[in-house]
$ cat query-v6.txt   # compact mmCIF, C-alpha atoms and all ligand atoms
# COMPACT_ATOMS: atom_id res chain seq x y z
CA MET A 577 -69.17 78.93 -2.54
CA LEU A 578 -65.38 78.82 -2.74
CA THR A 579 -63.16 75.75 -2.21
CA GLY A 580 -59.64 76.17 -0.82
CA VAL A 581 -56.91 73.66 -1.64
CA ILE A 582 -53.68 73.37 0.35
CA LEU A 583 -51.00 71.90 -1.92
CA ALA A 584 -49.01 69.49 0.23
CA GLY A 585 -48.07 66.76 -2.21
CA GLY A 586 -44.50 67.62 -3.16
CA GLN A 587 -41.34 65.56 -2.72
CA SER A 588 -39.76 68.08 -0.31
CA SER A 589 -36.35 67.10 -1.66
CA ARG A 590 -34.74 70.23 -0.21
CA MET A 591 -36.23 69.25 3.17
CA GLY A 592 -34.35 65.94 2.89
CA GLY A 593 -37.49 64.19 1.69
CA GLN A 594 -39.37 64.90 4.94
CA ASP A 595 -42.97 65.90 4.15
CA LYS A 596 -42.77 69.71 4.26
CA GLY A 597 -46.35 70.32 5.36
CA LEU A 598 -45.83 68.17 8.45
CA GLN A 599 -42.61 69.85 9.63
CA LEU A 600 -43.05 71.57 12.95
CA LEU A 601 -42.88 75.34 13.20
CA ALA A 602 -43.43 76.73 16.70
CA GLY A 603 -44.78 73.30 17.71
CA GLU A 604 -47.37 73.08 14.92
CA PRO A 605 -47.19 71.38 11.51
CA LEU A 606 -46.48 73.93 8.79
CA TYR A 607 -49.75 73.25 6.95
CA LYS A 608 -51.73 74.08 10.11
CA HIS A 609 -50.27 77.59 10.16
CA VAL A 610 -51.42 77.95 6.57
CA LEU A 611 -54.83 76.53 7.47
CA THR A 612 -55.36 79.06 10.28
CA ARG A 613 -54.98 81.99 7.89
CA PHE A 614 -56.67 80.33 4.93
CA LEU A 615 -59.78 78.74 6.44
CA PRO A 616 -61.59 82.03 7.24
CA GLN A 617 -61.21 83.06 3.59
CA VAL A 618 -62.99 80.06 2.00
CA ASP A 619 -65.99 77.78 2.59
CA GLU A 620 -64.15 74.46 2.63
CA VAL A 621 -60.48 73.43 2.70
CA ILE A 622 -59.20 70.30 0.96
CA ILE A 623 -55.66 68.99 1.43
CA SER A 624 -53.92 67.81 -1.71
CA ALA A 625 -51.27 65.28 -0.65
CA ASN A 626 -49.51 62.22 -2.00
CA ARG A 627 -48.26 60.58 1.20
CA ASN A 628 -48.92 60.67 4.95
CA ILE A 629 -52.59 60.90 4.07
CA ALA A 630 -53.60 59.65 7.53
CA SER A 631 -51.66 62.47 9.23
CA TYR A 632 -53.40 65.10 7.13
CA ARG A 633 -56.82 63.45 7.64
CA ARG A 634 -56.33 63.72 11.40
CA SER A 635 -57.04 67.44 10.93
CA GLY A 636 -60.59 66.43 9.97
CA LEU A 637 -60.12 67.89 6.49
CA ARG A 638 -60.92 66.13 3.25
CA THR A 639 -57.57 64.88 1.90
CA ILE A 640 -57.11 63.85 -1.72
CA ARG A 641 -54.34 62.29 -3.81
CA ASP A 642 -53.13 63.42 -7.22
CA GLN A 643 -54.43 61.48 -10.19
CA TYR A 644 -51.08 62.01 -11.91
CA GLU A 645 -48.67 59.65 -10.19
CA GLY A 646 -45.02 60.22 -9.42
CA PHE A 647 -45.01 63.72 -7.92
CA ALA A 648 -45.92 65.52 -11.13
CA GLY A 649 -45.65 68.91 -9.42
CA PRO A 650 -48.04 71.60 -8.17
CA LEU A 651 -50.15 71.48 -11.35
CA ALA A 652 -51.07 67.87 -10.58
CA GLY A 653 -52.28 68.98 -7.13
CA ILE A 654 -54.20 71.88 -8.65
CA HIS A 655 -55.78 69.44 -11.10
CA ALA A 656 -56.84 67.12 -8.26
CA GLY A 657 -58.30 70.11 -6.39
CA LEU A 658 -60.33 71.20 -9.42
CA GLN A 659 -61.69 67.66 -9.80
CA ALA A 660 -62.65 67.40 -6.13
CA ALA A 661 -64.19 70.86 -5.70
CA LYS A 662 -67.94 71.25 -5.45
CA SER A 663 -67.67 74.96 -6.23
CA GLU A 664 -67.05 76.70 -9.58
CA TRP A 665 -64.06 78.63 -8.25
CA VAL A 666 -61.09 77.16 -6.39
CA VAL A 667 -58.23 78.88 -4.60
CA CYS A 668 -54.94 77.05 -4.07
CA VAL A 669 -52.11 77.81 -1.66
CA PRO A 670 -48.88 75.94 -0.88
CA CYS A 671 -48.44 74.22 2.49
CA ASP A 672 -45.26 76.20 3.26
CA VAL A 673 -46.34 79.87 3.45
CA PRO A 674 -47.38 80.27 7.11
CA ALA A 675 -47.74 84.07 6.86
CA LEU A 676 -49.93 84.11 3.76
CA PRO A 677 -52.03 87.28 3.24
CA LEU A 678 -55.25 87.41 5.22
CA ASP A 679 -56.83 89.24 2.30
CA LEU A 680 -55.47 86.83 -0.32
CA VAL A 681 -58.83 85.70 -1.64
CA THR A 682 -60.50 89.14 -1.65
CA ARG A 683 -57.67 90.62 -3.66
CA LEU A 684 -57.28 87.73 -6.10
CA TRP A 685 -61.03 87.86 -6.64
CA ALA A 686 -60.97 91.59 -7.34
CA GLY A 687 -57.87 91.28 -9.55
CA LYS A 688 -59.03 88.46 -11.82
CA SER A 689 -61.35 90.80 -13.71
CA ASP A 690 -62.87 88.69 -16.52
CA ALA A 691 -60.00 86.14 -16.59
CA PRO A 692 -60.49 82.51 -15.47
CA ALA A 693 -57.55 82.77 -13.03
CA ALA A 694 -55.44 85.15 -10.95
CA TYR A 695 -52.21 84.57 -9.02
CA ALA A 696 -50.17 86.50 -6.46
CA THR A 697 -46.94 88.41 -6.97
CA ASP A 698 -44.91 90.17 -4.29
CA GLY A 699 -44.17 93.02 -6.67
CA VAL A 700 -40.94 91.38 -7.83
CA ARG A 701 -41.51 87.64 -8.04
CA SER A 702 -44.55 85.66 -9.08
CA HIS A 703 -46.05 83.17 -6.63
CA PRO A 704 -48.20 81.11 -8.98
CA THR A 705 -49.15 78.47 -6.40
CA LEU A 706 -51.21 81.17 -4.65
CA LEU A 707 -53.86 80.96 -7.27
CA LEU A 708 -57.57 81.50 -7.82
CA LEU A 709 -59.04 79.64 -10.78
CA HIS A 710 -62.31 78.61 -12.35
CA THR A 711 -63.11 74.92 -12.83
CA ARG A 712 -63.79 75.61 -16.52
CA VAL A 713 -60.01 75.42 -17.13
CA SER A 714 -59.98 71.75 -15.98
CA GLY A 715 -60.14 70.38 -19.52
CA MET A 716 -57.26 72.54 -20.72
CA LEU A 717 -55.23 71.55 -17.66
CA GLU A 718 -55.92 67.90 -18.28
CA ASP A 719 -54.73 68.18 -21.90
CA TYR A 720 -51.66 70.08 -20.75
CA LEU A 721 -50.72 67.45 -18.16
CA ARG A 722 -51.48 64.58 -20.52
CA GLN A 723 -48.99 66.04 -23.00
CA GLY A 724 -46.37 65.83 -20.26
CA ASP A 725 -46.22 69.58 -19.63
CA ARG A 726 -45.58 70.50 -16.01
CA LYS A 727 -44.70 74.20 -16.00
CA LEU A 728 -47.24 76.09 -13.90
CA MET A 729 -46.35 79.61 -15.11
CA LEU A 730 -46.61 78.55 -18.75
CA PHE A 731 -50.05 77.11 -18.15
CA LEU A 732 -51.15 80.30 -16.41
CA GLU A 733 -49.97 82.36 -19.39
CA ARG A 734 -51.97 80.10 -21.71
CA ILE A 735 -55.18 80.72 -19.81
CA ASN A 736 -54.45 84.44 -19.54
CA ALA A 737 -54.26 84.40 -15.72
CA ARG A 738 -53.89 87.85 -14.18
CA PRO A 739 -51.06 88.74 -11.78
CA VAL A 740 -52.22 90.47 -8.60
CA SER A 741 -49.65 92.47 -6.66
CA PHE A 742 -49.22 92.10 -2.89
CA ALA A 743 -46.11 94.29 -2.92
CA ASP A 744 -47.34 95.94 0.29
CA GLN A 745 -46.91 92.62 2.16
CA ALA A 746 -43.98 90.89 0.48
CA ASP A 747 -43.04 89.16 3.79
CA ALA A 748 -46.26 87.17 3.58
CA PHE A 749 -44.70 84.98 0.90
CA ARG A 750 -41.82 83.73 2.97
CA ASN A 751 -41.68 79.98 2.48
CA PHE A 752 -39.84 76.97 3.81
CA ASN A 753 -37.78 74.68 1.65
CA THR A 754 -34.92 73.49 3.89
CA PRO A 755 -34.43 72.60 7.58
CA GLU A 756 -32.37 75.84 7.82
CA ASP A 757 -35.39 77.87 6.69
CA LEU A 758 -37.33 76.43 9.63
CA LYS A 759 -34.54 77.21 12.09
CA GLN A 760 -34.24 80.75 10.76
CA TRP A 761 -37.93 81.42 11.39
CA SER A 762 -37.55 80.74 15.11
CA VAL A 763 -34.71 83.24 15.49
CA THR A 764 -36.23 86.10 13.45
N1 LIG A 801 -50.44 67.84 -4.75
C1 LIG A 801 -49.19 68.11 -5.09
N2 LIG A 801 -48.55 69.17 -4.54
C2 LIG A 801 -47.29 69.41 -4.93
C3 LIG A 801 -46.59 68.59 -5.84
N3 LIG A 801 -45.33 69.10 -6.01
C4 LIG A 801 -45.26 70.19 -5.24
N4 LIG A 801 -46.43 70.38 -4.58
C5 LIG A 801 -46.74 71.45 -3.62
O1 LIG A 801 -46.56 72.70 -4.28
C6 LIG A 801 -45.90 73.62 -3.43
C7 LIG A 801 -44.61 74.10 -4.04
O2 LIG A 801 -43.76 72.99 -4.18
P1 LIG A 801 -42.18 73.11 -4.18
O3 LIG A 801 -41.70 73.65 -2.89
O4 LIG A 801 -41.77 73.83 -5.41
O5 LIG A 801 -41.76 71.59 -4.40
P2 LIG A 801 -41.63 70.42 -3.34
O6 LIG A 801 -41.67 69.16 -4.13
O7 LIG A 801 -42.60 70.53 -2.23
O8 LIG A 801 -40.16 70.63 -2.71
P3 LIG A 801 -38.74 70.41 -3.42
O9 LIG A 801 -38.66 68.93 -3.78
O10 LIG A 801 -37.74 70.75 -2.34
O11 LIG A 801 -38.70 71.29 -4.64
C8 LIG A 801 -45.71 72.92 -2.09
O12 LIG A 801 -46.77 73.29 -1.25
C9 LIG A 801 -45.78 71.45 -2.46
O13 LIG A 801 -46.26 70.65 -1.40
C10 LIG A 801 -47.28 67.43 -6.39
O14 LIG A 801 -46.76 66.65 -7.19
N5 LIG A 801 -48.57 67.27 -5.99
$ encode --input "query-v6.txt" --output "structure tokens"
Amino acid sequence: MLTGVILAGGQSSRMGGQDKGLQLLAGEPLYKHVLTRFLPQVDEVIISANRNIASYRRSGLRTIRDQYEGFAGPLAGIHAGLQAAKSEWVVCVPCDVPALPLDLVTRLWAGKSDAPAAYATDGVRSHPTLLLLHTRVSGMLEDYLRQGDRKLMLFLERINARPVSFADQADAFRNFNTPEDLKQWSVT
């Protein structure tokens, strides 16, 4: 069994504070585009959010809040996902990558080798929020967060996470941070 977690609990400051996952793209909330491509790859999807919980729950999906208050960043959402998962392995994706690879999970799974985690790269940049990880790293993550550390890439280095290249589909990582990004999508 594999649990999928959509990370949708950020502040969306570059989106003017408007919840990014709920912004409309082609008439559908951004997170729903992600869900369409993600759901067939996992057994269950959980939404990790910090506000507008009722809107996310309307999708019928289990929606959880971070245990670390105050928008602690993606690692806090990953932590909440690891706590909530019923499976040993969890795969996380951000709510703002509507073209995410359809073979994301298969390739992360193959690329992790014997490591407890694997994350995507587009051949140039790392995309650490597209991440497969084993629940056995929960304790380490909890210690890390409790010490006030928030840097996702640094944590992934500590647990020896493997990068997995998706250089053949770099466009799949296009994401949305500003209202202009959303407008651009409709014209391209
Ligand atoms: N659960 C959870 N998810 C988060 C948190 N911070 C960011 N995310 C998610 O992680 C992904 C990447 O976040 P960013 O785009 O870097 O940050 P953001 O806060 O959403 O947006 P900015 O404020 O504009 O940087 C997005 O899918 C966010 O929704 C958090 O504190 N908790």
$ residues_near_ligand --input "query-v6.txt" --ligand "ligand LIG 801 (chain A)" --cutoff "9 Å" --atoms "only C-alpha atoms and all ligand atoms" --output "PyMOL selection string"
chain A and resi 582-593+595-597+607+623-626+640-642+644-657+669-673+705+751-754
$ residues_around --input "query-v6.txt" --residues "Gln745 of chain A" --least-positions-apart "6" --cutoff "12 Å" --atoms "only C-alpha atoms" --output "list in words"
Ala675, Leu676, Pro677, Leu678, Asp679, Leu680, Ala696, Thr697, Asp698, Gly699 and Val700 of chain A
$ atom_distance --input "query-v6.txt" --atom1 "atom CA of Pro674 of chain A" --atom2 "atom CA of Met729 of chain A"
22.3 Å
$ closest_residue --input "query-v6.txt" --among "A:Pro616, A:Asn628, A:Gly603, A:Leu717" --to "Thr682 of chain A" --atoms "all atoms listed in the file"
A:Pro616
$ closest_residue --input "query-v6.txt" --among "A:Ser741, A:Thr579, A:Thr612, A:Ser663" --to "Arg638 of chain A" --atoms "only C-alpha atoms"
A:Thr579
